[in-house]
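S.K.: The file below is work.cif, mmCIF, C-alpha atoms:
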data_entry
#
loop_
_atom_site.label_atom_id
_atom_site.label_comp_id
_atom_site.auth_asym_id
_atom_site.auth_seq_id
_atom_site.Cartn_x
_atom_site.Cartn_y
_atom_site.Cartn_z
CA MET A 143 51.15 121.81 98.09
CA VAL A 144 54.38 119.86 98.31
CA LYS A 145 55.22 118.78 94.79
CA THR A 146 57.98 116.22 94.61
CA ASP A 147 59.50 113.54 92.45
CA ALA A 148 58.91 115.44 89.24
CA LEU A 149 61.24 115.05 86.29
CA ILE A 150 60.14 118.45 85.04
CA ILE A 151 60.50 121.14 87.70
CA GLU A 152 57.74 123.70 87.19
CA SER A 153 58.33 126.10 90.03
CA SER A 154 61.38 126.83 92.11
CA ASP A 155 59.75 125.72 95.38
CA GLN A 156 59.65 122.09 94.23
CA VAL A 157 61.94 119.86 96.24
CA PRO A 158 63.67 117.03 94.39
CA ARG A 159 63.49 113.76 96.29
CA ARG A 160 65.14 111.36 93.93
CA THR A 161 68.38 112.45 92.34
CA LEU A 162 71.19 110.16 91.34
CA PHE A 163 73.69 112.19 93.36
CA LYS A 164 72.98 114.31 96.42
CA ARG A 165 76.21 116.15 95.66
CA PHE A 166 78.75 116.18 92.85
CA PRO A 167 81.01 113.09 92.95
CA ILE A 168 84.12 114.94 94.05
CA PRO A 169 86.14 114.73 97.28
CA ARG A 170 84.48 116.40 100.27
CA ASN A 171 87.22 119.03 100.53
CA PHE A 172 87.87 119.42 96.78
CA GLY A 173 89.60 122.75 96.14
CA VAL A 174 88.92 123.93 99.70
CA SER A 175 91.55 126.02 101.45
CA PRO A 176 92.83 124.48 104.73
CA GLY A 177 91.04 127.02 106.92
CA SER A 178 87.69 126.42 105.19
CA SER A 179 87.46 122.62 105.27
CA VAL A 180 84.56 121.37 107.36
CA GLU A 181 85.30 119.00 110.22
CA ARG A 182 83.02 116.65 112.11
CA GLY A 183 81.50 118.46 115.10
CA ARG A 184 79.59 117.21 118.08
CA ASN A 185 76.17 115.67 118.70
CA TRP A 186 73.52 117.57 120.60
CA PRO A 187 70.94 115.02 121.77
CA ALA A 188 67.26 115.92 122.11
CA PRO A 189 65.84 116.59 125.60
CA ALA A 190 64.92 113.40 127.48
CA ASN A 191 61.16 114.02 127.14
CA ALA A 192 61.30 114.49 123.35
CA THR A 193 58.65 112.54 121.44
CA ARG A 194 59.31 112.98 117.70
CA ILE A 195 62.99 113.43 116.92
CA LYS A 196 64.60 114.60 113.69
CA ALA A 197 68.30 115.19 113.17
CA PHE A 198 69.71 118.39 111.65
CA ASP A 199 73.33 118.58 110.47
CA ILE A 200 74.29 122.22 110.84
CA TYR A 201 77.43 124.09 109.76
CA ARG A 202 79.11 125.82 112.69
CA TYR A 203 81.92 128.33 112.72
CA ASP A 204 83.06 130.36 115.69
CA PRO A 205 85.55 133.14 114.85
CA ASP A 206 86.62 133.36 118.51
CA GLN A 207 87.91 129.80 118.53
CA LYS A 208 90.92 129.28 116.32
CA LYS A 209 89.34 126.22 114.77
CA ASN A 210 87.97 125.16 111.40
CA PRO A 211 84.23 125.12 110.63
CA ARG A 212 82.49 121.96 111.79
CA LEU A 213 79.26 120.08 111.19
CA ASP A 214 77.20 119.60 114.37
CA THR A 215 74.23 117.25 114.59
CA PHE A 216 71.23 118.52 116.54
CA GLU A 217 68.24 116.41 117.49
CA VAL A 218 65.05 118.43 117.31
CA ASP A 219 61.75 117.46 118.91
CA LEU A 220 59.28 118.09 116.09
CA ASP A 221 56.30 117.86 118.49
CA ASP A 222 57.68 120.87 120.35
CA CYS A 223 58.67 122.90 117.28
CA GLY A 224 57.00 124.90 114.50
CA PRO A 225 56.71 123.54 110.96
CA MET A 226 59.48 125.45 109.15
CA VAL A 227 63.25 124.99 109.07
CA LEU A 228 63.59 128.43 110.68
CA ASP A 229 61.40 127.20 113.57
CA ALA A 230 63.82 124.32 114.07
CA LEU A 231 66.77 126.72 114.18
CA ILE A 232 64.98 128.95 116.70
CA TRP A 233 64.05 125.84 118.73
CA ILE A 234 67.70 124.80 118.82
CA LYS A 235 68.83 128.27 119.81
CA SER A 236 66.32 128.56 122.66
CA ARG A 237 66.37 124.94 123.92
CA VAL A 238 69.75 123.43 123.08
CA ASP A 239 72.57 125.77 122.10
CA PRO A 240 72.07 129.54 122.50
CA THR A 241 75.27 130.23 120.57
CA LEU A 242 73.79 128.99 117.26
CA THR A 243 73.87 132.09 115.09
CA PHE A 244 71.73 132.93 112.06
CA ARG A 245 69.92 135.89 110.54
CA ARG A 246 66.14 136.04 110.60
CA SER A 247 63.53 138.75 110.70
CA CYS A 248 60.16 138.51 108.98
CA ARG A 249 59.67 134.70 109.13
CA GLU A 250 57.42 134.89 106.06
CA GLY A 251 59.69 135.12 103.02
CA VAL A 252 59.72 138.87 102.42
CA CYS A 253 62.94 140.01 104.07
CA GLY A 254 65.48 137.53 102.70
CA SER A 255 67.52 137.36 105.91
CA CYS A 256 67.36 133.62 106.55
CA ALA A 257 68.65 132.53 103.12
CA MET A 258 70.81 129.44 103.55
CA ASN A 259 71.71 126.17 101.88
CA ILE A 260 69.14 123.54 102.84
CA ASP A 261 69.73 119.98 101.59
CA GLY A 262 72.08 121.26 98.90
CA GLY A 263 69.89 124.04 97.52
CA ASN A 264 69.64 127.69 98.51
CA TRP A 265 66.31 128.71 100.00
CA LEU A 266 64.79 130.73 102.83
CA ALA A 267 64.64 128.78 106.09
CA CYS A 268 61.30 130.41 106.88
CA THR A 269 59.52 129.14 103.77
CA ARG A 270 60.92 125.59 103.70
CA PHE A 271 58.87 123.00 105.60
CA ILE A 272 60.83 120.66 107.86
CA GLU A 273 58.86 117.77 106.38
CA GLU A 274 60.28 118.65 102.96
CA THR A 275 63.85 118.11 104.17
CA GLN A 276 65.90 114.95 104.23
CA THR A 277 66.90 113.15 107.41
CA PRO A 278 69.25 114.38 108.64
CA ALA A 279 68.48 117.79 107.17
CA ARG A 280 71.69 119.41 105.93
CA ILE A 281 71.90 123.11 106.81
CA TYR A 282 74.82 125.14 105.51
CA PRO A 283 75.21 128.88 105.10
CA LEU A 284 74.70 130.31 101.61
CA ALA A 285 77.25 128.63 99.34
CA ASN A 286 80.55 130.30 98.47
CA MET A 287 80.40 133.13 101.01
CA ARG A 288 82.90 134.29 103.62
CA ILE A 289 81.39 133.21 106.93
CA ILE A 290 81.19 135.58 109.89
CA LYS A 291 79.70 133.04 112.27
CA ASP A 292 77.71 129.79 111.86
CA LEU A 293 75.01 130.50 109.25
CA VAL A 294 75.79 134.21 108.88
CA PRO A 295 77.60 135.04 105.64
CA ASP A 296 79.50 138.24 104.95
CA LEU A 297 77.42 139.91 102.22
CA THR A 298 79.69 142.94 101.77
CA HIS A 299 80.97 141.81 98.38
CA VAL A 300 77.59 140.92 96.86
CA PHE A 301 76.08 144.18 98.10
CA ALA A 302 79.02 146.07 96.57
CA GLN A 303 78.20 144.30 93.29
CA TYR A 304 74.56 145.34 93.72
CA GLU A 305 75.67 148.95 94.23
CA MET A 306 77.73 148.71 91.07
CA VAL A 307 74.61 148.44 88.86
CA GLU A 308 73.40 151.74 90.37
CA PRO A 309 69.97 150.48 91.37
CA TRP A 310 68.16 153.78 91.37
CA LEU A 311 66.26 155.87 88.86
CA GLN A 312 68.49 158.05 86.69
CA SER A 313 67.03 160.72 84.45
CA LYS A 314 68.65 163.36 82.29
CA THR A 315 65.60 165.49 81.57
CA ALA A 316 64.49 168.14 84.04
CA ALA A 317 62.67 166.86 87.11
CA PRO A 318 58.89 166.96 86.59
CA GLU A 319 56.54 168.93 88.81
CA ARG A 320 54.74 165.74 89.90
CA GLU A 321 55.44 161.99 89.97
CA ARG A 322 56.73 160.34 86.80
CA LEU A 323 53.81 158.60 85.12
CA GLN A 324 54.00 155.17 83.60
CA ALA A 325 51.59 153.39 81.24
CA PRO A 326 50.21 150.14 82.70
CA GLU A 327 52.11 148.11 80.10
CA ASP A 328 55.38 149.93 80.93
CA ARG A 329 54.78 149.19 84.58
CA ALA A 330 54.09 145.53 83.68
CA ALA A 331 57.58 145.28 82.18
CA LEU A 332 58.95 145.40 85.72
CA ASP A 333 56.89 142.44 86.92
CA GLY A 334 59.08 139.52 87.86
CA TYR A 335 62.07 141.80 88.39
CA TYR A 336 61.18 144.43 90.98
CA GLU A 337 60.15 141.81 93.59
CA CYS A 338 63.74 140.78 94.38
CA ILE A 339 64.37 140.71 98.14
CA LEU A 340 68.19 140.53 97.87
CA CYS A 341 68.52 137.23 99.69
CA PHE A 342 71.34 136.29 97.25
CA CYS A 343 70.21 132.67 96.95
CA CYS A 344 70.78 132.97 93.18
CA THR A 345 74.23 134.55 93.27
CA SER A 346 75.34 132.06 95.92
CA GLY A 347 74.02 129.16 93.80
CA CYS A 348 75.70 130.27 90.57
CA PRO A 349 78.78 128.16 89.60
CA SER A 350 80.07 131.02 87.42
CA HIS A 351 79.98 133.26 90.46
CA TRP A 352 81.80 130.58 92.49
CA TRP A 353 84.72 130.60 90.06
CA ASN A 354 84.69 134.28 88.97
CA GLY A 355 82.76 136.04 91.71
CA ASP A 356 85.42 138.73 92.08
CA ARG A 357 84.61 140.12 88.63
CA PHE A 358 81.30 138.54 87.53
CA LEU A 359 78.41 140.55 88.98
CA GLY A 360 76.21 137.51 89.54
CA PRO A 361 72.49 136.96 88.93
CA ALA A 362 71.11 139.10 91.79
CA ALA A 363 72.93 142.26 90.71
CA LEU A 364 72.25 141.63 87.02
CA LEU A 365 68.53 141.08 87.64
CA GLN A 366 68.51 144.49 89.28
CA ALA A 367 70.43 145.93 86.34
CA TRP A 368 67.67 144.72 84.02
CA ARG A 369 64.98 146.00 86.39
CA TRP A 370 66.33 149.55 85.76
CA LEU A 371 67.17 149.03 82.09
CA THR A 372 63.58 148.05 81.37
CA ASP A 373 62.07 150.86 83.44
CA SER A 374 60.37 153.34 81.07
CA ARG A 375 61.18 156.24 83.44
CA ASP A 376 64.93 155.55 83.49
CA GLU A 377 67.06 157.46 80.97
CA ALA A 378 70.52 156.03 81.62
CA ALA A 379 70.27 152.81 79.60
CA GLY A 380 73.31 153.69 77.49
CA ASP A 381 75.56 154.36 80.49
CA ARG A 382 74.26 151.27 82.24
CA LEU A 383 75.05 149.07 79.24
CA ASP A 384 78.51 150.66 78.90
CA LYS A 385 79.29 149.55 82.44
CA LEU A 386 77.86 146.06 81.96
CA GLU A 387 79.38 145.22 78.59
CA ASP A 388 82.43 143.38 79.85
CA PRO A 389 83.71 139.83 79.43
CA PHE A 390 83.36 139.25 83.16
CA ARG A 391 80.71 141.55 84.65
CA LEU A 392 77.97 140.32 82.30
CA TYR A 393 79.34 137.63 80.03
CA ARG A 394 80.59 135.20 82.70
CA CYS A 395 76.93 134.18 82.76
CA HIS A 396 76.87 130.92 80.83
CA THR A 397 73.11 130.42 81.21
CA ILE A 398 73.50 127.60 83.71
CA LEU A 399 70.20 128.73 85.27
CA ASN A 400 70.82 127.52 88.82
CA CYS A 401 69.61 131.05 89.66
CA THR A 402 66.13 130.59 88.25
CA ARG A 403 65.92 127.12 89.81
CA THR A 404 66.68 128.43 93.30
CA CYS A 405 64.94 131.83 93.53
CA PRO A 406 62.67 131.71 96.63
CA LYS A 407 60.49 134.43 95.11
CA GLY A 408 60.07 132.56 91.81
CA LEU A 409 61.82 135.29 89.83
CA ASN A 410 63.91 134.68 86.73
CA PRO A 411 67.43 136.15 86.92
CA GLY A 412 68.53 133.94 84.00
CA LYS A 413 65.93 135.53 81.75
CA ALA A 414 66.84 139.03 82.94
CA ILE A 415 70.49 138.44 82.01
CA ALA A 416 69.48 137.10 78.59
CA GLU A 417 67.46 140.29 78.09
CA ILE A 418 70.55 142.38 78.89
CA LYS A 419 72.71 140.37 76.48
CA LYS A 420 70.05 140.83 73.77
CA LEU A 421 69.94 144.57 74.41
CA VAL A 422 73.73 144.81 74.12
CA ALA A 423 73.61 142.84 70.85
CA LYS A 424 70.87 145.11 69.55
CA ARG A 425 72.92 148.18 70.39
CA HIS A 426 75.67 146.91 68.13
CA GLY A 427 73.09 146.73 65.34
CA MET B 593 87.43 143.49 113.12
CA ASP B 594 91.08 143.91 112.18
CA ARG B 595 92.13 141.69 115.03
CA ILE B 596 90.07 138.78 113.70
CA SER B 597 90.93 139.17 110.05
CA SER B 598 94.63 139.48 110.74
CA THR B 599 94.76 136.29 112.80
CA ARG B 600 92.56 134.08 110.65
CA PRO B 601 90.72 134.75 107.40
CA ARG B 602 87.02 134.02 107.35
CA PRO B 603 86.32 130.55 106.00
CA LEU B 604 84.61 130.19 102.63
CA SER B 605 81.38 128.23 102.88
CA PRO B 606 81.35 125.12 100.68
CA ASN B 607 79.98 125.52 97.13
CA ILE B 608 80.31 122.65 94.70
CA GLN B 609 81.14 120.30 97.57
CA ILE B 610 77.58 120.53 98.92
CA TYR B 611 75.38 122.03 96.19
CA ARG B 612 72.92 119.48 94.85
CA PRO B 613 73.50 118.48 91.21
CA GLN B 614 70.45 119.44 89.17
CA LEU B 615 69.62 119.27 85.48
CA THR B 616 70.62 122.92 85.00
CA SER B 617 74.16 122.59 86.34
CA VAL B 618 74.75 119.01 85.16
CA LEU B 619 73.91 119.82 81.53
CA SER B 620 76.05 122.94 81.72
CA ILE B 621 79.13 121.08 82.92
CA ALA B 622 78.36 118.29 80.42
CA ASN B 623 78.40 120.88 77.63
CA ARG B 624 81.83 122.02 78.81
CA ILE B 625 83.25 118.52 79.13
CA THR B 626 81.90 117.36 75.75
CA GLY B 627 83.29 120.53 74.16
CA VAL B 628 86.77 119.79 75.45
CA ALA B 629 86.48 116.08 74.57
CA LEU B 630 85.35 116.89 71.02
CA SER B 631 88.33 119.21 70.54
CA VAL B 632 90.57 116.27 71.42
CA CYS B 633 88.56 114.01 69.10
CA ALA B 634 89.14 116.51 66.28
CA ILE B 635 92.83 115.51 66.39
CA GLY B 636 91.77 111.93 65.67
CA LEU B 637 89.62 113.15 62.79
CA VAL B 638 92.59 115.02 61.32
CA GLY B 639 94.69 111.86 61.74
CA TRP B 640 92.10 109.89 59.81
CA LEU B 641 92.08 112.47 56.97
CA VAL B 642 95.89 112.52 56.88
CA ALA B 643 95.93 108.73 56.70
CA ALA B 644 93.45 108.83 53.82
CA ALA B 645 95.64 111.38 52.01
CA ARG B 646 98.84 109.41 52.51
CA GLY B 647 97.59 106.36 50.69
CA PRO B 648 95.96 102.95 51.00
CA ARG B 649 98.54 101.46 53.41
CA ALA B 650 98.28 104.22 56.02
CA TYR B 651 94.51 104.35 55.58
CA SER B 652 93.98 100.64 56.10
CA TRP B 653 96.24 100.76 59.17
CA PHE B 654 94.14 103.61 60.60
CA GLN B 655 90.93 101.75 59.77
CA GLY B 656 92.33 98.77 61.67
CA VAL B 657 92.94 100.92 64.72
CA ILE B 658 89.43 102.38 64.55
CA GLY B 659 87.94 98.92 64.16
CA ALA B 660 89.35 97.63 67.46
CA TRP B 661 86.56 97.32 70.02
CA PRO B 662 88.00 99.66 72.70
CA VAL B 663 88.26 102.38 70.05
CA GLN B 664 84.74 101.56 68.86
CA ILE B 665 83.45 102.16 72.40
CA LEU B 666 85.35 105.46 72.50
CA LEU B 667 83.78 106.40 69.17
CA LEU B 668 80.32 105.54 70.52
CA ILE B 669 80.95 107.85 73.49
CA ALA B 670 82.32 110.51 71.13
CA THR B 671 79.18 110.27 69.00
CA PHE B 672 77.02 110.82 72.08
CA ALA B 673 79.26 113.70 73.16
CA PHE B 674 78.90 115.23 69.69
CA PHE B 675 75.10 115.12 69.75
CA LEU B 676 74.88 116.29 73.37
CA HIS B 677 77.07 119.27 72.52
CA LEU B 678 75.14 119.97 69.31
CA CYS B 679 71.70 119.78 70.93
CA GLY B 680 72.94 121.73 73.95
CA GLY B 681 74.29 124.38 71.59
CA ILE B 682 70.90 124.69 69.88
CA ARG B 683 69.29 125.07 73.31
CA HIS B 684 71.69 127.89 74.10
CA LEU B 685 70.95 129.51 70.74
CA VAL B 686 67.24 129.54 71.59
CA TRP B 687 68.01 131.04 74.99
CA ASP B 688 70.03 133.80 73.34
CA SER B 689 66.80 134.96 71.72
CA VAL B 690 65.26 135.20 75.24
CA ARG B 691 62.93 132.26 74.69
CA GLY B 692 62.30 129.18 76.82
CA PHE B 693 63.22 130.63 80.21
CA GLU B 694 60.20 129.43 82.19
CA LEU B 695 61.38 126.78 84.65
CA ARG B 696 59.12 124.17 83.04
CA GLN B 697 60.64 124.99 79.62
CA ILE B 698 64.18 124.89 81.02
CA TYR B 699 63.61 121.39 82.36
CA SER B 700 61.70 120.03 79.37
CA SER B 701 64.27 121.37 76.90
CA GLY B 702 67.01 119.89 79.08
CA TRP B 703 65.49 116.42 79.08
CA ALA B 704 64.73 116.81 75.36
CA VAL B 705 68.45 117.43 74.75
CA VAL B 706 69.33 114.25 76.64
CA ALA B 707 66.70 112.15 74.86
CA ALA B 708 67.55 113.55 71.42
CA SER B 709 71.26 112.87 71.96
CA VAL B 710 70.60 109.24 72.89
CA LEU B 711 68.28 108.70 69.93
CA LEU B 712 70.58 110.44 67.43
CA THR B 713 73.55 108.40 68.69
CA LEU B 714 71.64 105.15 68.30
CA ALA B 715 70.36 106.18 64.87
CA THR B 716 73.85 107.15 63.70
CA TRP B 717 75.34 103.85 64.80
CA PHE B 718 72.45 101.84 63.40
CA LEU B 719 72.85 103.59 60.03
CA SER B 720 76.64 103.35 59.95
CA LEU B 721 76.58 99.66 60.84
CA THR B 722 73.85 98.72 58.34
CA ILE B 723 75.11 100.92 55.49
CA GLY B 724 78.70 99.94 56.24
CA ARG B 725 77.69 96.33 55.80
CA VAL B 726 75.91 96.96 52.48
CA VAL B 727 78.70 98.98 50.86
#
Show how you would write the structure in this file as structure tokens.

M.R.:
Amino acid sequence: MVKTDALIIESSDQVPRRTLFKRFPIPRNFGVSPGSSVERGRNWPAPANATRIKAFDIYRYDPDQKKNPRLDTFEVDLDDCGPMVLDALIWIKSRVDPTLTFRRSCREGVCGSCAMNIDGGNWLACTRFIEETQTPARIYPLANMRIIKDLVPDLTHVFAQYEMVEPWLQSKTAAPERERLQAPEDRAALDGYYECILCFCCTSGCPSHWWNGDRFLGPAALLQAWRWLTDSRDEAAGDRLDKLEDPFRLYRCHTILNCTRTCPKGLNPGKAIAEIKKLVAKRHG
Amino acid sequence: MDRISSTRPRPLSPNIQIYRPQLTSVLSIANRITGVALSVCAIGLVGWLVAAARGPRAYSWFQGVIGAWPVQILLLIATFAFFLHLCGGIRHLVWDSVRGFELRQIYSSGWAVVAASVLLTLATWFLSLTIGRVV
């Protein structure tokens, strides 16, 4: 089940164990504004009766204190805790520090709430086993997001970008009397694109979005754009492409493919964006 | 809401400072860096052509500079950069036709680019050293 140590990554859930660098060889606070630099926080020892202890380094930020974000170390008793990273966070919140703040809902990888950066890669805390993490496990919020508190990012901007691709069916012909039918093969064209849960692991893991996120739509929004472009029932492809064909909105994608590597649902935003680029090229004849 | 944002902007969570380097991002940044480096190297290439055009004295001086071992090491690196950029460019060309996007294909083509660049660099230097000796 847990595939590791592979040179060739075959599915996005594989965890790399051996990499030359755990992070890029740049200064810890490279290009970080003064208010965003992460300081050393405090240690939260495990309860005295703990039997199997694992350390978690967790990013903390409290907007009510006028202080920078910090990295706290929590000791978790694995014998008293469920198997997933989300279980460890809930354990900490209920046993150690009730102020630890994070989003969670379904605890089974369908809601996308608990997306965060675990050991340097974006994933859902509820579908990552604790035993797959390093020691100490490094838990940060989704990369490159404005942080509301602790592991809760402000998703306003990425949802605005999602809204910009108008993710709903648009038709110009008169509304039919009954539901719009689709051939099985037309329906199959949506497979791998409609399953997106909007956790924004991909957009948050995209270096192009880090540097140009104000104008580049990012992989999550563009995957949705393709999901509607390739829908046989949608009749607004021309308008959609008009809006996308822009040096920044679409073409800041440089096919880095961190998105496809990190998608917790195993979808392929990189491929979706390539499909859009191909469609734009085709339109120009 | 306004009270908080006016006193202190929300911090930006770390991106490149914490994100794990992986073949996808490393090859992408390598393609950028080699592209910039090769543009600089093109100036050297122009210098070499100018020297050849100016006559035997300038040319032999330039050859002397190129022959020095630190410059030879730079040239070896430049050769590798050239092939990495070339092979990476071909990989991107294939992607532009919406092929090779399965994760397994992304990783195997990535490692293939690295391996091919090493082999082509070695082959180029082997050929240039052996042929250079014969001529």

S.K.: Translate the PyMOL selection byres ((chain A) within 8 of (chain B)), as applied to the file shown, into an explicit residue set as a PyMOL selection string.

M.R.: chain A and resi 149-154+161+163-166+168-172+174+177-178+205+208+210-211+259+261-263+282-290+347+349+352+397-400+402-403+410+412-413+416-417+419-420

S.K.: Could you expand the PyMOL selection byres ((chain A and resi 155) around 10) into the explicit residues it covers here, written as a PDB file with C-alpha atoms, in the frame of the given file?

M.R.:
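Everything below was put into part.pdb:
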ATOM      1  CA  MET A 143      51.150 121.810  98.090  1.00  0.00           C
ATOM      2  CA  VAL A 144      54.380 119.860  98.310  1.00  0.00           C
ATOM      3  CA  LYS A 145      55.220 118.780  94.790  1.00  0.00           C
ATOM      4  CA  THR A 146      57.980 116.220  94.610  1.00  0.00           C
ATOM      5  CA  ILE A 151      60.500 121.140  87.700  1.00  0.00           C
ATOM      6  CA  GLU A 152      57.740 123.700  87.190  1.00  0.00           C
ATOM      7  CA  SER A 153      58.330 126.100  90.030  1.00  0.00           C
ATOM      8  CA  SER A 154      61.380 126.830  92.110  1.00  0.00           C
ATOM      9  CA  GLN A 156      59.650 122.090  94.230  1.00  0.00           C
ATOM     10  CA  VAL A 157      61.940 119.860  96.240  1.00  0.00           C
ATOM     11  CA  PRO A 158      63.670 117.030  94.390  1.00  0.00           C
ATOM     12  CA  TRP A 265      66.310 128.710 100.000  1.00  0.00           C
ATOM     13  CA  THR A 269      59.520 129.140 103.770  1.00  0.00           C
ATOM     14  CA  ARG A 270      60.920 125.590 103.700  1.00  0.00           C
ATOM     15  CA  ARG A 403      65.920 127.120  89.810  1.00  0.00           C
ATOM     16  CA  THR A 404      66.680 128.430  93.300  1.00  0.00           C
ATOM     17  CA  CYS A 405      64.940 131.830  93.530  1.00  0.00           C
ATOM     18  CA  PRO A 406      62.670 131.710  96.630  1.00  0.00           C
ATOM     19  CA  LYS A 407      60.490 134.430  95.110  1.00  0.00           C
ATOM     20  CA  GLY A 408      60.070 132.560  91.810  1.00  0.00           C
TER      21      GLY A 408
END

S.K.: Report, in Å to a single decimal, how far apart CA of Tyr201 in chain A and CA of Asn185 in chain A are.

M.R.: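 Between these atoms lies a distance of 12.3 Å.
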
S.K.: Just the residues within 10 Å of Leu678 in chain B, please, counting all atoms listed in the file, with nothing from its chain fewer than 6 positions along; format it as a PyMOL selection string.

M.R.: chain B and resi 623+626-627+672+684+705+709

S.K.: So the first atom is CA of Arg202 in chain A and the second is CA of Thr243 in chain A; what is the distance between them in Å, to one decimal place?

M.R.: 8.5 Å

S.K.: Can I get range 631-645 of chain B with N, CA and C atoms filled in, as a PDB file, in the coordinates of the input?

M.R.:
ATOM      1  N   SER B 631      87.125 118.570  71.066  1.00  0.00           N
ATOM      2  CA  SER B 631      88.330 119.210  70.540  1.00  0.00           C
ATOM      3  C   SER B 631      89.457 118.184  70.437  1.00  0.00           C
ATOM      4  N   VAL B 632      89.557 117.324  71.458  1.00  0.00           N
ATOM      5  CA  VAL B 632      90.570 116.270  71.420  1.00  0.00           C
ATOM      6  C   VAL B 632      90.267 115.294  70.288  1.00  0.00           C
ATOM      7  N   CYS B 633      88.966 114.949  70.150  1.00  0.00           N
ATOM      8  CA  CYS B 633      88.560 114.010  69.100  1.00  0.00           C
ATOM      9  C   CYS B 633      88.877 114.563  67.708  1.00  0.00           C
ATOM     10  N   ALA B 634      88.862 115.898  67.581  1.00  0.00           N
ATOM     11  CA  ALA B 634      89.140 116.510  66.280  1.00  0.00           C
ATOM     12  C   ALA B 634      90.547 116.141  65.808  1.00  0.00           C
ATOM     13  N   ILE B 635      91.470 115.932  66.754  1.00  0.00           N
ATOM     14  CA  ILE B 635      92.830 115.510  66.390  1.00  0.00           C
ATOM     15  C   ILE B 635      92.774 114.147  65.709  1.00  0.00           C
ATOM     16  N   GLY B 636      91.949 113.247  66.276  1.00  0.00           N
ATOM     17  CA  GLY B 636      91.770 111.930  65.670  1.00  0.00           C
ATOM     18  C   GLY B 636      91.195 112.029  64.267  1.00  0.00           C
ATOM     19  N   LEU B 637      90.241 112.964  64.108  1.00  0.00           N
ATOM     20  CA  LEU B 637      89.620 113.150  62.790  1.00  0.00           C
ATOM     21  C   LEU B 637      90.661 113.615  61.766  1.00  0.00           C
ATOM     22  N   VAL B 638      91.516 114.539  62.197  1.00  0.00           N
ATOM     23  CA  VAL B 638      92.590 115.020  61.320  1.00  0.00           C
ATOM     24  C   VAL B 638      93.525 113.857  60.965  1.00  0.00           C
ATOM     25  N   GLY B 639      93.845 113.026  61.977  1.00  0.00           N
ATOM     26  CA  GLY B 639      94.690 111.860  61.740  1.00  0.00           C
ATOM     27  C   GLY B 639      94.100 110.938  60.681  1.00  0.00           C
ATOM     28  N   TRP B 640      92.783 110.767  60.767  1.00  0.00           N
ATOM     29  CA  TRP B 640      92.100 109.890  59.810  1.00  0.00           C
ATOM     30  C   TRP B 640      92.191 110.482  58.392  1.00  0.00           C
ATOM     31  N   LEU B 641      91.995 111.803  58.277  1.00  0.00           N
ATOM     32  CA  LEU B 641      92.080 112.470  56.970  1.00  0.00           C
ATOM     33  C   LEU B 641      93.505 112.402  56.426  1.00  0.00           C
ATOM     34  N   VAL B 642      94.493 112.601  57.304  1.00  0.00           N
ATOM     35  CA  VAL B 642      95.890 112.520  56.880  1.00  0.00           C
ATOM     36  C   VAL B 642      96.205 111.122  56.364  1.00  0.00           C
ATOM     37  N   ALA B 643      95.700 110.116  57.105  1.00  0.00           N
ATOM     38  CA  ALA B 643      95.930 108.730  56.700  1.00  0.00           C
ATOM     39  C   ALA B 643      95.332 108.473  55.322  1.00  0.00           C
ATOM     40  N   ALA B 644      94.106 109.012  55.115  1.00  0.00           N
ATOM     41  CA  ALA B 644      93.450 108.830  53.820  1.00  0.00           C
ATOM     42  C   ALA B 644      94.252 109.504  52.719  1.00  0.00           C
ATOM     43  N   ALA B 645      94.872 110.642  53.009  1.00  0.00           N
ATOM     44  CA  ALA B 645      95.640 111.380  52.010  1.00  0.00           C
ATOM     45  C   ALA B 645      96.968 110.696  51.702  1.00  0.00           C
TER      46      ALA B 645
END
